[in-house]
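Asker: Data file work.txt (compact mmCIF, C-alpha atoms) is appended below.
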```
# COMPACT_ATOMS: atom_id res chain seq x y z
CA MET A 1 0.38 -7.54 16.44
CA ASN A 2 -2.30 -9.04 18.68
CA GLN A 3 -3.14 -12.73 18.87
CA GLU A 4 -6.46 -12.34 17.03
CA VAL A 5 -4.64 -10.87 14.04
CA LEU A 6 -1.92 -13.54 14.17
CA ASP A 7 -4.50 -16.34 14.29
CA ASN A 8 -6.44 -14.94 11.34
CA LYS A 9 -3.69 -13.74 9.03
CA VAL A 10 -4.10 -15.31 5.58
CA THR A 11 -2.04 -15.40 2.42
CA PRO A 12 -3.34 -13.69 -0.74
CA GLU A 13 -4.27 -17.13 -2.15
CA GLU A 14 -6.32 -17.96 0.95
CA TYR A 15 -7.98 -14.53 0.77
CA PHE A 16 -8.96 -15.07 -2.87
CA ALA A 17 -10.30 -18.51 -1.98
CA ILE A 18 -12.50 -16.85 0.64
CA LEU A 19 -13.68 -14.28 -1.94
CA ALA A 20 -14.55 -17.08 -4.35
CA GLN A 21 -16.98 -18.68 -1.88
CA GLU A 22 -20.52 -18.71 -3.18
CA ARG A 23 -21.98 -19.44 0.26
CA ASP A 24 -22.17 -17.08 3.27
CA LEU A 25 -18.81 -16.73 4.95
CA THR A 26 -18.15 -18.21 8.37
CA PRO A 27 -17.27 -15.75 11.18
CA LYS A 28 -13.62 -16.85 10.94
CA GLU A 29 -13.57 -16.21 7.19
CA VAL A 30 -15.16 -12.79 7.75
CA MET A 31 -12.41 -11.99 10.27
CA GLN A 32 -9.69 -13.23 7.90
CA LYS A 33 -11.12 -11.15 5.03
CA ARG A 34 -11.28 -8.01 7.22
CA ILE A 35 -7.72 -8.43 8.48
CA PHE A 36 -6.37 -8.94 4.97
CA GLU A 37 -8.26 -5.91 3.64
CA LYS A 38 -7.11 -3.73 6.58
CA GLU A 39 -3.50 -4.74 5.88
CA PHE A 40 -4.05 -3.86 2.21
CA LEU A 41 -5.32 -0.38 3.12
CA GLU A 42 -2.50 0.31 5.57
CA ASN A 43 0.13 -0.80 3.10
CA CYS A 44 -1.44 1.26 0.32
CA GLU A 45 -1.03 4.30 2.58
CA LYS A 46 2.53 3.34 3.46
CA TYR A 47 3.58 2.70 -0.15
CA SER A 48 1.35 5.32 -1.79
CA TYR A 49 4.37 6.74 -3.61
CA HIS A 50 5.02 3.43 -5.41
CA LEU A 51 1.63 1.89 -6.12
CA SER A 52 0.88 0.29 -9.49
CA GLN A 53 -2.06 1.70 -11.48
CA ALA A 54 -4.23 -1.31 -10.62
CA THR A 55 -3.52 -0.91 -6.90
CA GLU A 56 -4.31 2.81 -7.03
CA ASP A 57 -7.57 2.07 -8.85
CA VAL A 58 -8.73 -0.45 -6.23
CA TYR A 59 -7.56 1.75 -3.35
CA GLY A 60 -9.33 4.76 -4.89
CA GLU A 61 -12.52 2.75 -5.43
CA TYR A 62 -12.49 1.73 -1.78
CA HIS A 63 -12.37 5.37 -0.68
CA ASN A 64 -15.12 6.28 -3.15
CA LYS A 65 -17.33 3.44 -1.85
CA MET A 66 -16.78 4.54 1.72
CA ALA A 67 -17.58 8.17 0.80
CA ALA A 68 -20.82 7.00 -0.83
CA LEU A 69 -21.60 4.87 2.23
CA ILE A 70 -20.99 7.81 4.58
CA SER A 71 -23.52 9.96 2.70
CA LYS A 72 -26.05 7.11 2.44
CA GLU A 73 -29.20 7.59 4.48
CA ASN A 74 -30.75 4.69 6.42
CA LYS A 75 -27.57 2.69 6.85
CA THR A 76 -27.75 -0.86 8.20
CA ILE A 77 -26.02 -1.68 11.50
CA LEU A 78 -23.11 -3.31 9.64
CA GLU A 79 -22.76 -0.28 7.37
CA ILE A 80 -22.71 2.07 10.38
CA GLU A 81 -20.00 -0.08 11.95
CA ALA A 82 -17.96 -0.08 8.71
CA VAL A 83 -18.25 3.72 8.38
CA GLU A 84 -17.20 4.28 12.01
CA LYS A 85 -14.16 2.03 11.59
CA TYR A 86 -13.21 3.79 8.34
CA GLN A 87 -13.57 7.26 9.86
CA LYS A 88 -11.49 6.24 12.87
CA TRP A 89 -8.83 4.84 10.54
CA VAL A 90 -8.75 8.10 8.49
CA LEU A 91 -8.50 10.15 11.69
CA ASP A 92 -5.62 7.98 12.98
CA MET A 93 -3.78 8.49 9.65
CA GLU A 94 -4.31 12.27 9.81
CA ASN A 95 -3.15 12.46 13.45
CA LYS A 96 -0.06 10.44 12.61
CA GLU A 97 0.70 12.78 9.68
CA ASN A 98 0.11 15.88 11.85
CA LYS A 99 2.43 14.56 14.57
CA GLU A 100 5.16 14.08 11.97
CA VAL A 101 4.61 17.63 10.65
CA ILE A 102 4.71 19.05 14.20
CA VAL A 103 7.93 17.18 15.02
CA ARG A 104 9.53 18.47 11.79
CA LYS A 105 8.35 22.05 12.56
CA LEU A 106 9.69 21.92 16.13
CA SER A 107 13.05 20.66 14.86
CA ASN A 108 13.17 23.51 12.35
CA ASP A 109 12.11 26.03 15.02
CA LYS A 110 14.81 24.78 17.40
CA GLY A 111 17.30 25.00 14.54
CA GLY A 112 16.18 28.58 13.86
CA TYR A 113 16.56 29.51 17.51
CA ILE A 114 20.06 28.08 17.66
CA ASN A 115 21.06 29.86 14.43
CA ALA A 116 19.83 33.23 15.79
CA THR A 117 21.82 32.73 19.01
CA ILE A 118 25.01 31.91 17.13
CA ILE A 119 24.65 35.01 14.94
CA LEU A 120 24.05 37.23 18.00
CA VAL A 121 27.14 35.85 19.77
CA MET A 122 29.23 36.45 16.63
CA ILE A 123 28.00 40.04 16.37
CA LEU A 124 28.81 40.67 20.05
CA ASN A 125 32.27 39.15 19.60
CA ILE A 126 32.98 41.27 16.54
CA GLY A 127 31.71 44.35 18.38
CA PHE A 128 33.97 43.51 21.35
CA ILE A 129 37.00 43.07 19.09
CA ILE A 130 36.33 46.40 17.32
CA ALA A 131 35.87 48.18 20.68
CA MET A 132 39.11 46.73 22.07
CA THR A 133 40.94 47.71 18.88
CA LEU A 134 39.69 51.27 19.10
CA LEU A 135 40.56 51.51 22.80
CA GLY A 136 43.97 50.05 22.16
CA SER A 137 44.75 52.54 19.40
CA LYS A 138 44.13 55.55 21.67
CA MET B 13 0.73 -14.11 -24.97
CA SER B 14 0.99 -17.69 -23.72
CA GLY B 15 1.34 -18.54 -20.04
CA ASN B 16 4.87 -19.87 -20.53
CA SER B 17 6.22 -16.68 -22.11
CA ASN B 18 4.61 -14.61 -19.35
CA LYS B 19 6.48 -16.68 -16.74
CA GLU B 20 9.73 -16.20 -18.64
CA ILE B 21 9.17 -12.46 -18.92
CA ASN B 22 8.37 -12.16 -15.21
CA ALA B 23 11.48 -14.14 -14.31
CA ALA B 24 13.58 -11.96 -16.63
CA TYR B 25 12.30 -8.77 -15.00
CA VAL B 26 13.15 -10.02 -11.51
CA ALA B 27 16.60 -11.13 -12.71
CA SER B 28 17.29 -7.69 -14.20
CA TRP B 29 16.20 -5.99 -10.96
CA LYS B 30 18.57 -8.19 -8.98
CA GLU B 31 21.42 -7.13 -11.25
CA LYS B 32 20.65 -3.45 -10.60
CA ASN B 33 20.12 -3.84 -6.85
CA PRO B 34 22.00 -6.51 -4.82
CA LYS B 35 19.52 -6.00 -1.94
CA LEU B 36 16.94 -7.81 -4.08
CA LEU B 37 18.96 -11.04 -4.24
CA GLU B 38 16.69 -12.43 -1.49
CA LEU B 39 13.84 -12.52 -4.03
CA GLU B 40 13.50 -15.84 -5.81
CA THR B 41 11.25 -16.64 -8.72
CA ASP B 42 10.56 -19.25 -11.34
CA GLY B 43 8.20 -16.87 -13.12
CA LYS B 44 5.14 -18.52 -11.57
CA TYR B 45 5.82 -17.76 -7.90
CA LEU B 46 7.75 -14.96 -6.25
CA LYS B 47 9.36 -16.02 -2.97
CA TYR B 48 10.72 -13.89 -0.17
CA LYS B 49 11.70 -15.47 3.16
CA ASN B 50 8.78 -17.80 3.99
CA GLU B 51 6.23 -16.00 1.79
CA LYS B 52 5.20 -17.19 -1.67
CA LEU B 53 3.21 -15.07 -4.11
CA ASP B 54 1.50 -16.38 -7.24
CA ILE B 55 2.57 -14.02 -10.03
CA SER B 56 1.55 -16.24 -12.97
CA ASN B 57 -1.46 -14.05 -13.81
CA ILE B 58 0.22 -10.67 -13.62
CA TYR B 59 2.63 -8.78 -15.84
CA MET B 60 5.62 -7.72 -13.78
CA GLN B 61 6.22 -4.75 -16.10
CA ASP B 62 2.89 -3.27 -14.89
CA VAL B 63 4.52 -2.68 -11.51
CA LEU B 64 7.05 -0.41 -13.27
CA ILE B 65 4.46 1.88 -14.87
CA ASN B 66 4.67 4.03 -11.73
CA PRO B 67 7.79 6.15 -12.49
CA ASN B 68 8.66 6.31 -8.78
CA THR B 69 8.93 2.52 -8.65
CA PHE B 70 10.79 2.42 -11.97
CA ASN B 71 13.37 4.96 -10.76
CA ASP B 72 13.73 3.52 -7.25
CA ILE B 73 14.34 -0.15 -8.17
CA PRO B 74 18.15 0.24 -7.79
CA TYR B 75 17.73 1.52 -4.21
CA MET B 76 14.65 -0.24 -2.89
CA GLU B 77 14.60 -2.56 0.11
CA VAL B 78 13.52 -6.10 -0.77
CA GLN B 79 10.58 -6.19 1.69
CA ASP B 80 9.20 -2.95 0.22
CA LEU B 81 9.32 -4.23 -3.37
CA PHE B 82 7.76 -7.53 -2.33
CA MET B 83 4.88 -5.70 -0.62
CA ILE B 84 4.30 -3.43 -3.65
CA ILE B 85 4.05 -6.51 -5.90
CA LYS B 86 1.78 -8.24 -3.34
CA LEU B 87 -0.57 -5.23 -3.35
CA HIS B 88 -0.58 -5.32 -7.16
CA VAL B 89 -1.49 -9.04 -7.21
CA TYR B 90 -4.35 -8.38 -4.79
CA ALA B 91 -5.63 -5.45 -6.87
CA ILE B 92 -5.56 -7.48 -10.11
CA HIS B 93 -7.60 -10.24 -8.47
CA VAL B 94 -10.14 -7.73 -7.15
CA LYS B 95 -10.51 -6.16 -10.61
CA GLU B 96 -10.93 -9.62 -12.16
CA LYS B 97 -13.72 -10.43 -9.72
CA GLN B 98 -15.39 -7.10 -10.50
CA LEU B 99 -15.24 -7.86 -14.23
CA GLN B 100 -16.59 -11.38 -13.70
CA GLU B 101 -19.47 -9.93 -11.72
CA LYS B 102 -20.20 -7.41 -14.50
CA VAL B 103 -20.16 -10.19 -17.13
CA ARG B 104 -22.49 -12.33 -14.99
CA ARG B 105 -24.95 -9.44 -14.64
CA LEU B 106 -24.83 -8.65 -18.35
CA LYS B 107 -25.55 -12.29 -19.19
CA GLU B 108 -28.56 -12.23 -16.85
CA TYR B 109 -30.00 -9.32 -18.80
CA GLU B 110 -29.18 -10.62 -22.27
CA PRO B 111 -32.34 -10.70 -24.44
CA ARG B 112 -33.42 -14.29 -25.14
CA SER B 113 -33.69 -15.31 -28.81
CA ILE B 114 -37.23 -16.08 -30.00
CA GLY B 115 -38.05 -19.42 -31.61
```
Can I see the file as structure tokens?
Answerer:
Amino acid sequence: MNQEVLDNKVTPEEYFAILAQERDLTPKEVMQKRIFEKEFLENCEKYSYHLSQATEDVYGEYHNKMAALISKENKTILEIEAVEKYQKWVLDMENKENKEVIVRKLSNDKGGYINATIILVMILNIGFIIAMTLLGSK
Amino acid sequence: MSGNSNKEINAAYVASWKEKNPKLLELETDGKYLKYKNEKLDISNIYMQDVLINPNTFNDIPYMEVQDLFMIIKLHVYAIHVKEKQLQEKVRRLKEYEPRSIG
């Protein structure tokens, strides 16, 4: 975790206090809000199997908002930045998932290769034993 | 439901989880706050049983690691607050558009 994240990590109570501000947020508050929300998204991915209904709703709404933002024409500079960050985050998640699938597939493939070798050796051994038996009986 | 009974119910849920899963003994609560290591989470405005509506969470409580359960509850608290803010915003907008009474 880099220093910027460590310096701007906030508790849920501090985050909600930032949300409750009526005025424009300071740059530090903007950073703290972003870091908290990023952590929320990453943890929703990590714990997707166990999320409460409320968490799933909010997480789903976030994805829907981003999808709507992606298809919006005439985006502001901030919106373009937000979409790029979101798309990069989705791509990173997909790459991570694909790497895990590839590692699992390679392990299975290696296992299959080893199994085939063992079976071949067994067949050759049995064949050798049968041949020796037949030769011995003559 | 009064605030006090909600605290008692939340505390009872956490106590029952700790009985089922000794790994959760690190969680402490008085019903108002949930504490794990040096983190404290305000749970006074949530219903702990809502976390169990997901059958995966309900079934996995006896096996779950304490940091995982704490994070799932933390995410739930965050989501409840976000939904509350959304509702407050909707109410504010509706009030703005309420027709004014004549006379």
Asker: Report as a PyMOL selection string all protein, DNA and RNA residues lying within 10 Å of segment 62-65 of chain A, evaluated on only C-alpha atoms, omitting residues in the same chain fewer than 5 positions from it.
Answerer: chain A and resi 41+56-57+70+86
Asker: Just need the residues of chain A within 7 Å of chain B, counting only C-alpha atoms, so spit them out as number ranges by chain.
Answerer: A: 12, 40, 49-52, 54-55, 58
Asker: One decimal, Å: what's the distance from atom CA of Glu31 of chain B over to atom CA of Asn18 of chain B, could you say?
Answerer: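 Those two atoms sit 20.1 Å apart.
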Asker: How many Å separate atom CA of Ile21 of chain B from atom CA of Gln53 of chain A?
Answerer: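 Between atom CA of Ile21 of chain B and atom CA of Gln53 of chain A the gap works out to 19.5 Å.
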Asker: Could you tell me how far atom CA of Asp24 of chain A lies from atom CA of Leu78 of chain A, in Å and to one decimal?
Answerer: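 Spanning atom CA of Asp24 of chain A to atom CA of Leu78 of chain A is a straight-line distance of 15.2 Å.
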Asker: May I have the centre and edge lengths, in Å to one decimal, of an axis-aligned box around the listed atoms of segment 121-138 of chain A with 6 Å added to every side, as JSON?
Answerer:
```
{"center_x": 35.9, "center_y": 45.7, "center_z": 19.6, "size_x": 29.6, "size_y": 31.7, "size_z": 18.4}
```
Asker: Take the point (14.4, -14.6, -2.8) in the file's coordinates, draw a sphere of radius 10 Å around it, and report as a list in words every protein, DNA or RNA residue with an atom inside or on it, counting all atoms listed in the file.
Answerer: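 Taken together, the residues in range are Val26, Lys30, Leu36, Leu37, Glu38, Leu39, Glu40, Thr41, Leu46, Lys47, Tyr48, Lys49, Asn50, Glu51, Lys52, Val78 and Phe82 of chain B.
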Asker: Which residue is closest to Tyr59 of chain B? Choose from B:Ala27, B:Glu96, B:Val103, B:Lys44 and count all atoms listed in the file.
Answerer: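 Closest to Tyr59 of chain B of all the choices is B:Lys44.
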Asker: Which of these, B:Leu106, B:Ile73, B:Gln79, B:Asn22, has the shortest distance to Tyr45 of chain B once you count only C-alpha atoms?
Answerer: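 Under the stated criterion, the closest residue is B:Asn22.
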